[in-house]
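**Q** The structure's right below; bear with me while I get my questions together.
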Amino acid sequence: MNRAEKQTEIDALKSTLGSTEIVIVSHNTGMSVAQVTELRQGLRAQGARYKVTKNTLTKIAIKGTKHEEINDMLTGPTGLSTTTEEPLVVAKTIYDFAKKFNGKLVIVGGYFGEMKLDPAAIETLAKLPTLDQIRGQLVGLIQAPAAQLARLANAYSEKQA
């Protein structure tokens, strides 16, 4: 990379990290190109991104951002997972791929809002229901009494007939 390309990469990382609520750092030792492509496609389908970057460029880009705490996690072959949409989806997807690839993708930690995350915290986030799942459960809870009343009325009318 020449100097202009490095500056472009730094600017892109800075804008990405400035607009995201969650950053998950992972090591991708031993992953094939097909596996990285599968991971990227899985994240992209959820509205997230996976970027393998040079650690020195990432360290320069995170200076002055709210994610500056991940600086000590940037060692080795590092990938950053980010999103501007639903943050829990990134944690779920990365966690699922880490289980699927059996140690080739290792979650190092991350940053969510104002909290620094360790791998156990990311696992906990991954096991929480997403916003859509919570909405579905809420709709089910609201509809359940009405559905029971309708079945009761239907059973009563069938009994009368």
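Each chain of the structure tokens is named A, B, ... in the order shown, its residues numbered from 1; ligands are numbered from 1 in display order.
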Write down as a PyMOL selection string the residues belonging to range 5-59 of chain A that are assigned helix (DSSP H, G or I) by DSSP computed on the backbone.
**A** chain A and resi 5-19+33-45+55-59
**Q** Residues within 10 Å of range 28-42 of chain A, please, as an MDAnalysis selection string. Count only C-alpha atoms; anything in the same chain fewer than 6 positions from it doesn't count.
**A** chainID A and resid 48:52 76:79 81 90 93:94 96:98 101 103:107
**Q** Taking into account only C-alpha atoms, which residue in the set A:Ile142, A:Leu57, A:Ala153, A:Met115 is nearest to Met1 in chain A?
**A**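 Among the listed residues, A:Leu57 lies closest to Met1 in chain A.
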**Q** Taking only C-alpha atoms into account, name the residue in A:Ile22, A:Ile122, A:Ile10, A:Ala147 that is nearest to Ile60 in chain A.
**A**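 So, comparing all the options, the nearest one is A:Ile10.
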**Q** What lies within 9 Å of Glu69 in chain A using only C-alpha atoms, ignoring chain neighbours under 4 positions off, as a list in words?
**A** Ile62, Met73, Gly110, Tyr111 and Lys116 of chain A
**Q** How many Å separate CA of Leu88 in chain A from CA of Ile70 in chain A?
**A**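 If I compute the distance from CA of Leu88 in chain A to CA of Ile70 in chain A, I get 18.3 Å.
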**Q** Assign secondary structure with DSSP using the backbone only, and return the residues of range 18-117 of chain A in strand (DSSP E or B) as a list in words.
**A**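 Result set for range 18-117 of chain A (strand (DSSP E or B)): Ile22, Val23, Ile24, Val25, Ser26, His27, Ala48, Arg49, Tyr50, Lys51, Val52, Thr78, Gly79, Leu80, Ser81, Thr82, Thr83, Val106, Ile107, Val108, Gly109, Gly110, Tyr111, Phe112, Met115, Lys116 and Leu117 of chain A.
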**Q** Check the smallest atom-to-atom distance from each of A:Thr56, A:Thr75, A:Thr65, A:Thr83 to Lys14 in chain A using only C-alpha atoms, then report the winner.
**A**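 Between A:Thr56, A:Thr75, A:Thr65, A:Thr83, the residue approaching Lys14 in chain A most closely is A:Thr65.
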**Q** In terms of the shortest atom-to-atom distance over only C-alpha atoms, which of A:Ala61, A:Leu131, A:Leu43, A:Leu152 is closest to Lys6 in chain A?
**A**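 Nearest candidate to Lys6 in chain A out of A:Ala61, A:Leu131, A:Leu43, A:Leu152: A:Ala61.
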**Q** Between CA of Asn102 in chain A and CA of Ser26 in chain A, what distance in Å does the model show, to one decimal?
**A** 13.4 Å
**Q** Calculate how many Å separate CA of Ser19 in chain A from CA of Leu128 in chain A, rounding to one decimal.
**A**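 Separation between CA of Ser19 in chain A and CA of Leu128 in chain A: 23.1 Å.
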**Q** So which one's closest to Val25 in chain A, A:Ile134, A:Leu141, A:Leu74, A:Ala121? Using only C-alpha atoms, please.
**A**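 Once distances to Val25 in chain A are computed over only C-alpha atoms, the minimum belongs to A:Leu74.
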